[in-house]
There are 4 protein chains.
Amino acid sequence: MSPMDLAGVLAPIPTPFDEDGALDTTRLRAALTRWVARPLTGFVLLGSNGEAVMLDELESDRVVAAAREAIPAGRTFIVGTGRESTRAAIQASRRAADLGADAVLVRTPGFFKTQMTTDVFVRHYTAVADASPVPVLLYNFTALTGVNLLPAAVSRLAEHPNIVGMKESGGDIAQISDLVSGTPDRFQVLAGTTPTFYSALGVGCAGGILAPACVLPDACAQLFRLARAGRDAEALALQRQLLPISRLVGGSTYGVAGLKAALKIAGYDVGMPRLPLVPAPDAALAAIRDALAQFENVTI
Amino acid sequence: MSPMDLAGVLAPIPTPFDEDGALDTTRLRAALTRWVARPLTGFVLLGSNGEAVMLDELESDRVVAAAREAIPAGRTFIVGTGRESTRAAIQASRRAADLGADAVLVRTPGFFKTQMTTDVFVRHYTAVADASPVPVLLYNFTALTGVNLLPAAVSRLAEHPNIVGMKESGGDIAQISDLVSGTPDRFQVLAGTTPTFYSALGVGCAGGILAPACVLPDACAQLFRLARAGRDAEALALQRQLLPISRLVGGSTYGVAGLKAALKIAGYDVGMPRLPLVPAPDAALAAIRDALAQFENVTI
Amino acid sequence: MSPMDLAGVLAPIPTPFDEDGALDTTRLRAALTRWVARPLTGFVLLGSNGEAVMLDELESDRVVAAAREAIPAGRTFIVGTGRESTRAAIQASRRAADLGADAVLVRTPGFFKTQMTTDVFVRHYTAVADASPVPVLLYNFTALTGVNLLPAAVSRLAEHPNIVGMKESGGDIAQISDLVSGTPDRFQVLAGTTPTFYSALGVGCAGGILAPACVLPDACAQLFRLARAGRDAEALALQRQLLPISRLVGGSTYGVAGLKAALKIAGYDVGMPRLPLVPAPDAALAAIRDALAQFENVTI
Amino acid sequence: MSPMDLAGVLAPIPTPFDEDGALDTTRLRAALTRWVARPLTGFVLLGSNGEAVMLDELESDRVVAAAREAIPAGRTFIVGTGRESTRAAIQASRRAADLGADAVLVRTPGFFKTQMTTDVFVRHYTAVADASPVPVLLYNFTALTGVNLLPAAVSRLAEHPNIVGMKESGGDIAQISDLVSGTPDRFQVLAGTTPTFYSALGVGCAGGILAPACVLPDACAQLFRLARAGRDAEALALQRQLLPISRLVGGSTYGVAGLKAALKIAGYDVGMPRLPLVPAPDAALAAIRDALAQFENVTI
């Protein structure tokens, strides 16, 4: 498998913090040792669920270095390097490449919302892709950034030889379909939300970066295989089975705290979210246990 | 075919107005004569694209009566009867049934947005379904109403014996999937937007009520058949081919004016929209012609 | 006072329904007999708080006729006649004028949101104002309609001799200020929300149409007088005193149900909201009593 | 004047970048030398208009150090230190204090929108205020962050002895009024948008942090004085005169680029925005010149 074949399921790895809120790369390496044994296509460090916005640049580098140690060559290792300034996004991408990232995932800038036009996005990503030593993935997450990287911008950017794909975290299947049909085959679109994964594969997505894949990697990978094999009824049934857990981990209800709580239940030790985020409430734990219990017969 | 098997493609029929803005039922009957010859599962009168909110109650009745004359028994004939008050929705549903409607499509009330809770929706639809002589379809169109009929409400309402399905006009495939999986098999979910139609069928929708089906009934019906037959690649290709026209007719760009302009080009005479809506601009006509030209080999 | 001097406080009168949901004009006349004894500039029937969207055309006419009987000449009597179609808005305005309305308040159409451009609004209101036998007030309520009648459109419309003012129900004081400064002095802008009333007067509004004025007419009128007299500290104190009740009646929490509940407590008998709206819950009643108790020393 | 009396007008100072996008503290000091000669209450560095999100931590420190050199003791010097993590906000606040800031302005975290509850905000700001060596100002800018620091949260936080006020950048005058009335007199609310400034002072705000104050410091300061002196008609006239320029600098049309362009016209050399932001287009320059020409008789 070429490192840049993104077909399949990638896991957005959370960043462990200890009880004092300090970055804990020991826990990160330990958890990754387990994840790399699962049938996952790759690993995304420092994404939204990786609390990237909570880390300073030095901590970011430590995460990348630690992950590189734990992830074997041949498994795709992607690092989130989105920043508000073009300059900082370039610097972060170069540092990630230096530290061994196979590709970078660059979230749209979004602070100055009204200024983020298609032209601005095209210029930003072109500059990052020109400068990045490793391939670039675009990353659109409108619900969090308040800006939308439209298919028209993506079509233009897909012509850049160093832009190899994107993650689309929205649930609008028409927009996802547009992204696929408006770009060449070599440009790989990855779904970012589990409840749309089955449908996203149906309109031509290459795979997904899915929070539940941290907790239920085998089930998520199996959903991908079933869909690819045209076993639609089984795939749809598994997609529906994944719905409750996908609402509880990484989604809008409990967010990262839900993901970290689920991982603790599943035996991964990734600590707590960093303040001001707080651990998931007890009600969440019960709901997560119930949702995971649906998968007793699936190896987790 | 039982009239209440909604599988397939239904057309949301526009309401013809003459040059003075008067309702023109002669044109309506004439156009329906052509539509009933196409492979459409049924016809929805007085929906959003039927400019229902532009008509008074007497005009609404005239539309229903005229359509009933033109639509043969055995073809599903659905009438939009949503109103802001429960009382008015019941009255409109009874009158539509008296005038021959097979079912009614009841858009959520939405003026008093903050008061439209799940309980309020359940009470409203239960009262309408209790009183309606014909089966009731729920209708959720958040982009126009500003309220969202959530899957939790639909699950409760799907237990009512006189509520047989719903039209969901949103593009969130996760919500559409929830609607299907949270209701019994007898409850039929219909997609309301063409760009999501293929994916909606993939997660279990029974069919769709699609504005392009007025202009390209054969192509839309063919898309349904391909998807049902598991001919996914062909279905997806046709879905993509339909995308440009679906943006131009009945969507957010030109709305009803786009639909009426396209119908004029396709040889249907349904007049102009009612004021304050205005005819589509010349730029729209050229774009519509281009989009329709993609379908020269399809019988329109 | 000329009937078209709108300076001061107007009350948006709710429409009484009996226990069966039937329109009750007897209760309406009885309540108006009390309201006309209070220092209110005028009365708005069939506005949002009048549940206008819940009534059919015949019921609307009965409300206007009943109110005309109860409101003496010399007190401004305004009727809401907004409809989605230009034609229906004209017809409703003519009927209201025939039945004795001094002016009509025409809410923006808003169902086909994306089509409601400035040009469309200008054409719509110009046609209504050309045809209306009585003066026209524009009415912008973005939170309910989802469309925004911008100052640019209002500036153009303010040149029409039969358009004498507007009600702006939004809370953006910059937009309110723009509406005043972009229109001639004869064009009177009325605030539609109590929490912004004091500030709206400060930037040049002529008055307000305020739901709390139904329950606390003297206090609201006193706020107007204090502000006009430049007694800013007293005005601001009274404005703040009105805040709790303004949140409970006619606002986003309990809406019309809150207004009707407060009126019952204050001794007005205007029945219940029409379904699907439901009476305010018990928790609302206690909060409303507390908020009204702040005004024991004010004659209510 | 005590440094923490914030009454009056403060200027949100832009951060100069040179043609290569490098931070240019020489230009910053030079421009500040001119600003400190104007009748401004104080200066805010590293706010939104200071492109704070475009700078790394080291650059931030250099801005603070340079500004401290240029701003004389006795003029309030405020530094923006908002970060997504509580830990980083504390560190930035401590560093700003070490480098001479009189107070810190802490924008709400907002990346994980759905997790930002009132409790989370209270915990975050309490921790920052506990740790900050200098007084803390809260900062709410919903249009950019997508989260809303509600009056209920502010009321609780205003009890903290080290939290002395806030900047509210929204235009909802009812919310601004709530912030004032729900906090003790020692808690100073500052308006963040020029079009609401006059009204904000009317409901009790202490002053404003206004982008036009960089370009027209005397006019903005005069507006404050007129409003405070009860010269309402003159104040309102000046407020209206400031409207066109306030739309062009720092607002949603041209943002920081508009502010920097206006400053260049006014003779301040603060360079260009940092990429991906781009300089204001030529059309903006003409509009800015027109808007500034309204103030020929005011010393700029």
# chains A, B, ... in the order shown; residues from 1 in each chain; ligands from 1

call {"tool": "closest_atom_pairs", "arguments": {"of": "chain A", "to": "chain B", "cutoff": "9 Å", "atoms": "only C-alpha atoms", "output": "JSON lines"}}
result
{"residue": "A:Gly170", "atom": "CA", "partner": "B:Asp172", "partner_atom": "CA", "distance": 8.8}
{"residue": "A:Gly171", "atom": "CA", "partner": "B:Asp172", "partner_atom": "CA", "distance": 5.4}
{"residue": "A:Asp172", "atom": "CA", "partner": "B:Asp172", "partner_atom": "CA", "distance": 5.0}
{"residue": "A:Ile173", "atom": "CA", "partner": "B:Ile173", "partner_atom": "CA", "distance": 6.0}
{"residue": "A:Ala174", "atom": "CA", "partner": "B:Pro195", "partner_atom": "CA", "distance": 5.2}
{"residue": "A:Gln175", "atom": "CA", "partner": "B:Pro195", "partner_atom": "CA", "distance": 8.6}
{"residue": "A:Ser177", "atom": "CA", "partner": "B:Arg240", "partner_atom": "CA", "distance": 8.2}
{"residue": "A:Asp178", "atom": "CA", "partner": "B:Arg240", "partner_atom": "CA", "distance": 8.3}
{"residue": "A:Ser181", "atom": "CA", "partner": "B:Arg240", "partner_atom": "CA", "distance": 7.5}
{"residue": "A:Thr194", "atom": "CA", "partner": "B:Ala174", "partner_atom": "CA", "distance": 8.8}
{"residue": "A:Pro195", "atom": "CA", "partner": "B:Ala174", "partner_atom": "CA", "distance": 5.2}
{"residue": "A:Thr196", "atom": "CA", "partner": "B:Ala174", "partner_atom": "CA", "distance": 5.5}
{"residue": "A:Tyr198", "atom": "CA", "partner": "B:Val203", "partner_atom": "CA", "distance": 8.5}
{"residue": "A:Ser199", "atom": "CA", "partner": "B:Ser199", "partner_atom": "CA", "distance": 5.7}
{"residue": "A:Ala200", "atom": "CA", "partner": "B:Ser199", "partner_atom": "CA", "distance": 8.3}
{"residue": "A:Gly202", "atom": "CA", "partner": "B:Ser199", "partner_atom": "CA", "distance": 7.1}
{"residue": "A:Val203", "atom": "CA", "partner": "B:Leu236", "partner_atom": "CA", "distance": 6.9}
{"residue": "A:Gly230", "atom": "CA", "partner": "B:Gly230", "partner_atom": "CA", "distance": 8.9}
{"residue": "A:Asp232", "atom": "CA", "partner": "B:Gly202", "partner_atom": "CA", "distance": 8.2}
{"residue": "A:Leu236", "atom": "CA", "partner": "B:Val203", "partner_atom": "CA", "distance": 6.9}
{"residue": "A:Arg240", "atom": "CA", "partner": "B:Ser181", "partner_atom": "CA", "distance": 7.5}
{"residue": "A:Leu243", "atom": "CA", "partner": "B:Asp178", "partner_atom": "CA", "distance": 8.8}

call {"tool": "write_last_selection", "arguments": {"atoms": "all heavy atoms", "output": "short mmCIF file (atom, residue, chain, number, x, y, z; two decimals), in the first residue's frame"}}
result
data_model
loop_
_atom_site.label_atom_id
_atom_site.label_comp_id
_atom_site.auth_asym_id
_atom_site.auth_seq_id
_atom_site.Cartn_x
_atom_site.Cartn_y
_atom_site.Cartn_z
N GLY A 170 -18.68 17.99 7.26
CA GLY A 170 -20.10 18.31 7.23
C GLY A 170 -20.95 17.11 6.85
O GLY A 170 -20.44 16.12 6.32
N GLY A 171 -22.25 17.20 7.10
CA GLY A 171 -23.15 16.09 6.83
C GLY A 171 -24.00 16.27 5.58
O GLY A 171 -24.88 15.45 5.33
N ASP A 172 -23.72 17.29 4.81
CA ASP A 172 -24.52 17.56 3.61
C ASP A 172 -24.03 16.67 2.48
O ASP A 172 -22.99 16.93 1.86
CB ASP A 172 -24.39 19.04 3.25
CG ASP A 172 -25.21 19.43 2.03
OD1 ASP A 172 -25.57 18.54 1.24
OD2 ASP A 172 -25.48 20.62 1.87
N ILE A 173 -24.79 15.62 2.20
CA ILE A 173 -24.32 14.61 1.26
C ILE A 173 -24.22 15.19 -0.16
O ILE A 173 -23.40 14.72 -0.97
CB ILE A 173 -25.23 13.36 1.28
CG1 ILE A 173 -24.54 12.19 0.61
CG2 ILE A 173 -26.58 13.62 0.64
CD1 ILE A 173 -23.37 11.65 1.39
N ALA A 174 -25.01 16.22 -0.46
CA ALA A 174 -24.90 16.83 -1.79
C ALA A 174 -23.56 17.53 -1.95
O ALA A 174 -22.92 17.45 -3.00
CB ALA A 174 -26.05 17.82 -2.01
N GLN A 175 -23.11 18.20 -0.89
CA GLN A 175 -21.81 18.86 -0.96
C GLN A 175 -20.69 17.82 -1.04
O GLN A 175 -19.74 17.98 -1.82
CB GLN A 175 -21.61 19.77 0.26
CG GLN A 175 -20.28 20.52 0.23
CD GLN A 175 -20.24 21.71 1.19
OE1 GLN A 175 -21.25 22.24 1.59
NE2 GLN A 175 -19.03 22.13 1.55
N SER A 177 -20.89 14.87 -2.34
CA SER A 177 -20.96 14.32 -3.69
C SER A 177 -20.33 15.28 -4.70
O SER A 177 -19.58 14.87 -5.59
CB SER A 177 -22.43 14.05 -4.05
OG SER A 177 -22.53 13.41 -5.30
N ASP A 178 -20.61 16.57 -4.52
CA ASP A 178 -19.98 17.59 -5.37
C ASP A 178 -18.46 17.57 -5.28
O ASP A 178 -17.76 17.75 -6.28
CB ASP A 178 -20.43 18.98 -4.92
CG ASP A 178 -21.66 19.46 -5.65
OD1 ASP A 178 -22.26 18.65 -6.37
OD2 ASP A 178 -22.02 20.64 -5.49
N SER A 181 -17.29 14.57 -7.32
CA SER A 181 -17.48 14.65 -8.77
C SER A 181 -16.73 15.84 -9.38
O SER A 181 -16.45 15.84 -10.58
CB SER A 181 -18.97 14.72 -9.12
OG SER A 181 -19.56 15.88 -8.58
N THR A 194 -19.21 10.05 11.27
CA THR A 194 -19.63 8.66 11.18
C THR A 194 -21.06 8.48 10.65
O THR A 194 -21.29 7.59 9.82
CB THR A 194 -19.47 7.99 12.55
OG1 THR A 194 -18.11 8.21 12.97
CG2 THR A 194 -19.74 6.50 12.48
N PRO A 195 -22.03 9.29 11.08
CA PRO A 195 -23.39 9.02 10.61
C PRO A 195 -23.55 9.18 9.09
O PRO A 195 -24.52 8.69 8.54
CB PRO A 195 -24.23 10.07 11.36
CG PRO A 195 -23.43 10.42 12.56
CD PRO A 195 -22.00 10.33 12.13
N THR A 196 -22.62 9.85 8.44
CA THR A 196 -22.71 9.98 6.98
C THR A 196 -21.74 9.05 6.26
O THR A 196 -21.66 9.09 5.03
CB THR A 196 -22.38 11.43 6.54
OG1 THR A 196 -21.04 11.72 6.93
CG2 THR A 196 -23.32 12.43 7.17
N TYR A 198 -21.42 5.74 5.53
CA TYR A 198 -21.92 4.80 4.54
C TYR A 198 -22.36 5.54 3.27
O TYR A 198 -22.01 5.15 2.15
CB TYR A 198 -23.08 3.99 5.13
CG TYR A 198 -23.83 3.18 4.11
CD1 TYR A 198 -23.28 2.02 3.56
CD2 TYR A 198 -25.09 3.58 3.68
CE1 TYR A 198 -23.97 1.29 2.61
CE2 TYR A 198 -25.79 2.85 2.74
CZ TYR A 198 -25.22 1.71 2.19
OH TYR A 198 -25.90 0.98 1.26
N SER A 199 -23.11 6.61 3.44
CA SER A 199 -23.58 7.37 2.27
C SER A 199 -22.42 8.05 1.55
O SER A 199 -22.43 8.17 0.32
CB SER A 199 -24.61 8.42 2.70
OG SER A 199 -25.75 7.79 3.24
N ALA A 200 -21.44 8.52 2.31
CA ALA A 200 -20.28 9.18 1.70
C ALA A 200 -19.51 8.20 0.82
O ALA A 200 -19.07 8.54 -0.28
CB ALA A 200 -19.38 9.77 2.79
N GLY A 202 -20.84 5.76 -0.65
CA GLY A 202 -21.73 5.53 -1.79
C GLY A 202 -21.58 6.55 -2.90
O GLY A 202 -21.83 6.25 -4.07
N VAL A 203 -21.21 7.77 -2.55
CA VAL A 203 -21.03 8.80 -3.60
C VAL A 203 -19.57 8.97 -3.96
O VAL A 203 -19.21 9.94 -4.64
CB VAL A 203 -21.66 10.15 -3.19
CG1 VAL A 203 -23.17 10.01 -3.02
CG2 VAL A 203 -21.03 10.71 -1.92
N GLY A 230 -20.03 -4.06 -1.76
CA GLY A 230 -21.39 -4.03 -2.28
C GLY A 230 -22.38 -4.78 -1.40
O GLY A 230 -23.50 -5.06 -1.82
N ASP A 232 -24.58 -4.10 0.73
CA ASP A 232 -25.23 -2.88 1.20
C ASP A 232 -26.08 -3.09 2.45
O ASP A 232 -26.05 -2.27 3.36
CB ASP A 232 -26.08 -2.27 0.07
CG ASP A 232 -25.21 -1.62 -1.00
OD1 ASP A 232 -24.07 -1.23 -0.67
OD2 ASP A 232 -25.67 -1.50 -2.14
N LEU A 236 -25.32 -1.12 5.82
CA LEU A 236 -26.29 -0.18 6.38
C LEU A 236 -26.66 -0.57 7.81
O LEU A 236 -26.80 0.28 8.70
CB LEU A 236 -27.53 -0.11 5.48
CG LEU A 236 -28.58 0.92 5.82
CD1 LEU A 236 -27.99 2.32 5.95
CD2 LEU A 236 -29.68 0.92 4.74
N ARG A 240 -25.98 1.76 11.10
CA ARG A 240 -27.01 2.12 12.09
C ARG A 240 -26.61 1.70 13.49
O ARG A 240 -26.90 2.39 14.46
CB ARG A 240 -28.35 1.49 11.70
CG ARG A 240 -28.99 2.19 10.52
CD ARG A 240 -30.27 1.52 10.09
NE ARG A 240 -30.83 2.24 8.95
CZ ARG A 240 -31.80 1.76 8.17
NH1 ARG A 240 -32.32 0.58 8.41
NH2 ARG A 240 -32.24 2.48 7.16
N LEU A 243 -24.49 4.26 15.11
CA LEU A 243 -25.04 5.60 15.32
C LEU A 243 -25.00 6.05 16.78
O LEU A 243 -24.51 7.15 17.08
CB LEU A 243 -26.46 5.67 14.75
CG LEU A 243 -26.89 7.07 14.35
CD1 LEU A 243 -26.03 7.59 13.22
CD2 LEU A 243 -28.35 7.07 13.93
#

call {"tool": "residues_around", "arguments": {"residues": "D:Leu292", "least_positions_apart": "4", "cutoff": "10 Å", "atoms": "only C-alpha atoms", "output": "compact mmCIF listing (two decimals) with all heavy atoms, in the first residue's frame"}}
result
# COMPACT_ATOMS: atom_id res chain seq x y z
N VAL D 215 -8.36 55.89 13.57
CA VAL D 215 -8.29 56.81 12.45
C VAL D 215 -8.81 58.19 12.82
O VAL D 215 -8.31 59.21 12.35
CB VAL D 215 -9.13 56.25 11.26
CG1 VAL D 215 -8.81 57.01 9.99
CG2 VAL D 215 -8.91 54.77 11.09
N LEU D 216 -9.85 58.20 13.63
CA LEU D 216 -10.50 59.45 14.02
C LEU D 216 -10.60 59.53 15.53
O LEU D 216 -11.69 59.57 16.10
CB LEU D 216 -11.91 59.51 13.39
CG LEU D 216 -11.98 59.57 11.87
CD1 LEU D 216 -13.39 59.27 11.38
CD2 LEU D 216 -11.54 60.95 11.36
N GLN D 241 -22.54 60.51 11.78
CA GLN D 241 -21.46 60.91 10.89
C GLN D 241 -20.36 59.83 10.86
O GLN D 241 -19.68 59.64 9.85
CB GLN D 241 -20.89 62.23 11.38
CG GLN D 241 -20.07 62.99 10.36
CD GLN D 241 -19.49 64.28 10.94
OE1 GLN D 241 -19.80 64.67 12.07
NE2 GLN D 241 -18.65 64.95 10.16
N LEU D 242 -20.22 59.13 11.98
CA LEU D 242 -19.18 58.10 12.07
C LEU D 242 -19.59 56.78 11.42
O LEU D 242 -18.77 55.87 11.25
CB LEU D 242 -18.81 57.84 13.54
CG LEU D 242 -17.90 58.88 14.18
CD1 LEU D 242 -17.94 58.76 15.70
CD2 LEU D 242 -16.46 58.70 13.67
N PRO D 244 -20.52 55.73 8.29
CA PRO D 244 -19.87 55.20 7.06
C PRO D 244 -18.45 54.69 7.32
O PRO D 244 -18.09 53.60 6.85
CB PRO D 244 -19.87 56.42 6.13
CG PRO D 244 -21.03 57.26 6.60
CD PRO D 244 -21.06 57.08 8.09
N ILE D 245 -17.64 55.43 8.06
CA ILE D 245 -16.27 54.96 8.27
C ILE D 245 -16.26 53.71 9.14
O ILE D 245 -15.44 52.80 8.93
CB ILE D 245 -15.38 56.09 8.89
CG1 ILE D 245 -13.91 55.67 8.83
CG2 ILE D 245 -15.77 56.41 10.32
CD1 ILE D 245 -13.34 55.59 7.46
N ALA D 262 -7.25 52.59 5.84
CA ALA D 262 -7.66 53.92 6.32
C ALA D 262 -6.51 54.60 7.05
O ALA D 262 -6.31 55.82 6.92
CB ALA D 262 -8.87 53.79 7.24
N ILE D 265 -4.13 56.10 4.61
CA ILE D 265 -4.66 57.37 4.10
C ILE D 265 -4.48 58.48 5.13
O ILE D 265 -4.17 59.62 4.80
CB ILE D 265 -6.15 57.19 3.72
CG1 ILE D 265 -6.27 56.27 2.51
CG2 ILE D 265 -6.82 58.53 3.47
CD1 ILE D 265 -7.68 55.81 2.20
N ALA D 266 -4.68 58.12 6.40
CA ALA D 266 -4.57 59.13 7.47
C ALA D 266 -3.12 59.39 7.88
O ALA D 266 -2.86 60.15 8.81
CB ALA D 266 -5.38 58.66 8.69
N ALA D 286 -11.34 54.19 -2.17
CA ALA D 286 -12.15 55.35 -2.55
C ALA D 286 -13.25 55.58 -1.51
O ALA D 286 -13.50 56.72 -1.09
CB ALA D 286 -12.76 55.11 -3.93
N ALA D 287 -13.89 54.52 -1.08
CA ALA D 287 -14.98 54.66 -0.11
C ALA D 287 -14.44 55.19 1.22
O ALA D 287 -15.08 56.02 1.88
CB ALA D 287 -15.68 53.31 0.09
N ILE D 288 -13.28 54.73 1.60
CA ILE D 288 -12.69 55.19 2.87
C ILE D 288 -12.33 56.67 2.77
O ILE D 288 -12.60 57.45 3.69
CB ILE D 288 -11.43 54.35 3.21
CG1 ILE D 288 -11.85 52.92 3.58
CG2 ILE D 288 -10.64 54.98 4.34
CD1 ILE D 288 -10.71 51.92 3.64
N GLU D 296 -13.31 66.63 7.71
CA GLU D 296 -12.25 67.58 7.43
C GLU D 296 -12.08 68.61 8.55
O GLU D 296 -10.99 69.06 8.82
CB GLU D 296 -12.50 68.30 6.10
CG GLU D 296 -12.10 67.43 4.91
CD GLU D 296 -12.35 68.17 3.60
OE1 GLU D 296 -13.48 68.67 3.41
OE2 GLU D 296 -11.43 68.23 2.78
N VAL D 298 -12.65 68.15 11.64
CA VAL D 298 -12.21 67.52 12.88
C VAL D 298 -10.72 67.22 12.74
O VAL D 298 -10.28 66.71 11.71
CB VAL D 298 -12.99 66.21 13.13
CG1 VAL D 298 -12.46 65.51 14.36
CG2 VAL D 298 -14.47 66.50 13.25
N ILE D 300 -7.75 65.22 12.60
CA ILE D 300 -7.39 63.81 12.60
C ILE D 300 -5.88 63.69 12.61
O ILE D 300 -5.33 62.68 12.88
CB ILE D 300 -7.97 63.02 11.40
CG1 ILE D 300 -7.37 63.50 10.08
CG2 ILE D 300 -9.48 63.16 11.37
CD1 ILE D 300 -7.73 62.59 8.91

call {"tool": "residues_around", "arguments": {"residues": "D:Glu84", "least_positions_apart": "5", "cutoff": "10 Å", "atoms": "only C-alpha atoms", "output": "count of residues only"}}
result
17

call {"tool": "residues_around", "arguments": {"residues": "D:Arg94", "least_positions_apart": "6", "cutoff": "8 Å", "atoms": "only C-alpha atoms", "output": "PyMOL selection string"}}
result
chain D and resi 131-133

call {"tool": "select_by_dssp", "arguments": {"residues": "stretch 68-99 of chain D", "states": "strand (DSSP E or B)", "output": "list in words"}}
result
Thr76, Phe77, Ile78, Val79 and Gly80 of chain D

call {"tool": "write_last_selection", "arguments": {"atoms": "N, CA, C and O atoms", "output": "PDB file, in the first residue's frame"}}
result
ATOM      1  N   THR D  76      -3.996  53.881  29.865  1.00  0.00           N
ATOM      2  CA  THR D  76      -4.294  52.461  30.060  1.00  0.00           C
ATOM      3  C   THR D  76      -3.791  51.622  28.882  1.00  0.00           C
ATOM      4  O   THR D  76      -4.108  51.891  27.728  1.00  0.00           O
ATOM      5  N   PHE D  77      -3.057  50.586  29.207  1.00  0.00           N
ATOM      6  CA  PHE D  77      -2.436  49.714  28.210  1.00  0.00           C
ATOM      7  C   PHE D  77      -2.951  48.289  28.447  1.00  0.00           C
ATOM      8  O   PHE D  77      -2.611  47.649  29.434  1.00  0.00           O
ATOM      9  N   ILE D  78      -3.782  47.847  27.536  1.00  0.00           N
ATOM     10  CA  ILE D  78      -4.465  46.565  27.674  1.00  0.00           C
ATOM     11  C   ILE D  78      -3.960  45.608  26.594  1.00  0.00           C
ATOM     12  O   ILE D  78      -3.776  46.011  25.443  1.00  0.00           O
ATOM     13  N   VAL D  79      -3.765  44.358  26.965  1.00  0.00           N
ATOM     14  CA  VAL D  79      -3.270  43.360  26.015  1.00  0.00           C
ATOM     15  C   VAL D  79      -4.247  42.188  25.915  1.00  0.00           C
ATOM     16  O   VAL D  79      -4.682  41.652  26.935  1.00  0.00           O
ATOM     17  N   GLY D  80      -4.566  41.811  24.692  1.00  0.00           N
ATOM     18  CA  GLY D  80      -5.405  40.642  24.464  1.00  0.00           C
ATOM     19  C   GLY D  80      -4.643  39.353  24.709  1.00  0.00           C
ATOM     20  O   GLY D  80      -3.569  39.151  24.123  1.00  0.00           O
TER      21      GLY D  80
END

call {"tool": "select_by_dssp", "arguments": {"residues": "stretch 98-262 of chain A", "states": "alpha helix (DSSP H)", "output": "PyMOL selection string"}}
result
chain A and resi 98+118-131+142-145+151-157+173-181+197-202+212-215+217-228+232-248+255-262

call {"tool": "residues_around", "arguments": {"residues": "D:Asp130", "least_positions_apart": "2", "cutoff": "12 Å", "atoms": "only C-alpha atoms", "output": "list of chain:residue names"}}
result
D:Thr86, D:Ala89, D:Ile90, D:Ser93, D:Arg94, D:Val122, D:Arg123, D:His124, D:Tyr125, D:Thr126, D:Ala127, D:Val128, D:Ser132, D:Pro133, D:Val134, D:Pro135, D:Val136, D:Leu157, D:His160, D:Pro161, D:Asn162, D:Ile163

call {"tool": "residues_around", "arguments": {"residues": "stretch 69-72 of chain C", "least_positions_apart": "5", "cutoff": "10 Å", "atoms": "only C-alpha atoms", "output": "list in words"}}
result
Leu28, Arg29, Ala30, Ala31, Leu32, Thr33, Arg34, Trp35, Val36, Ala37, Gly42, Phe43, Val64, Phe77, Leu99 and Gly100 of chain C

call {"tool": "atom_distance", "arguments": {"atom1": "atom CA of D:Gly208", "atom2": "atom CA of D:Met166"}}
result
10.1 Å

call {"tool": "atom_distance", "arguments": {"atom1": "atom CA of A:Arg225", "atom2": "atom CA of A:Thr15"}}
result
28.0 Å
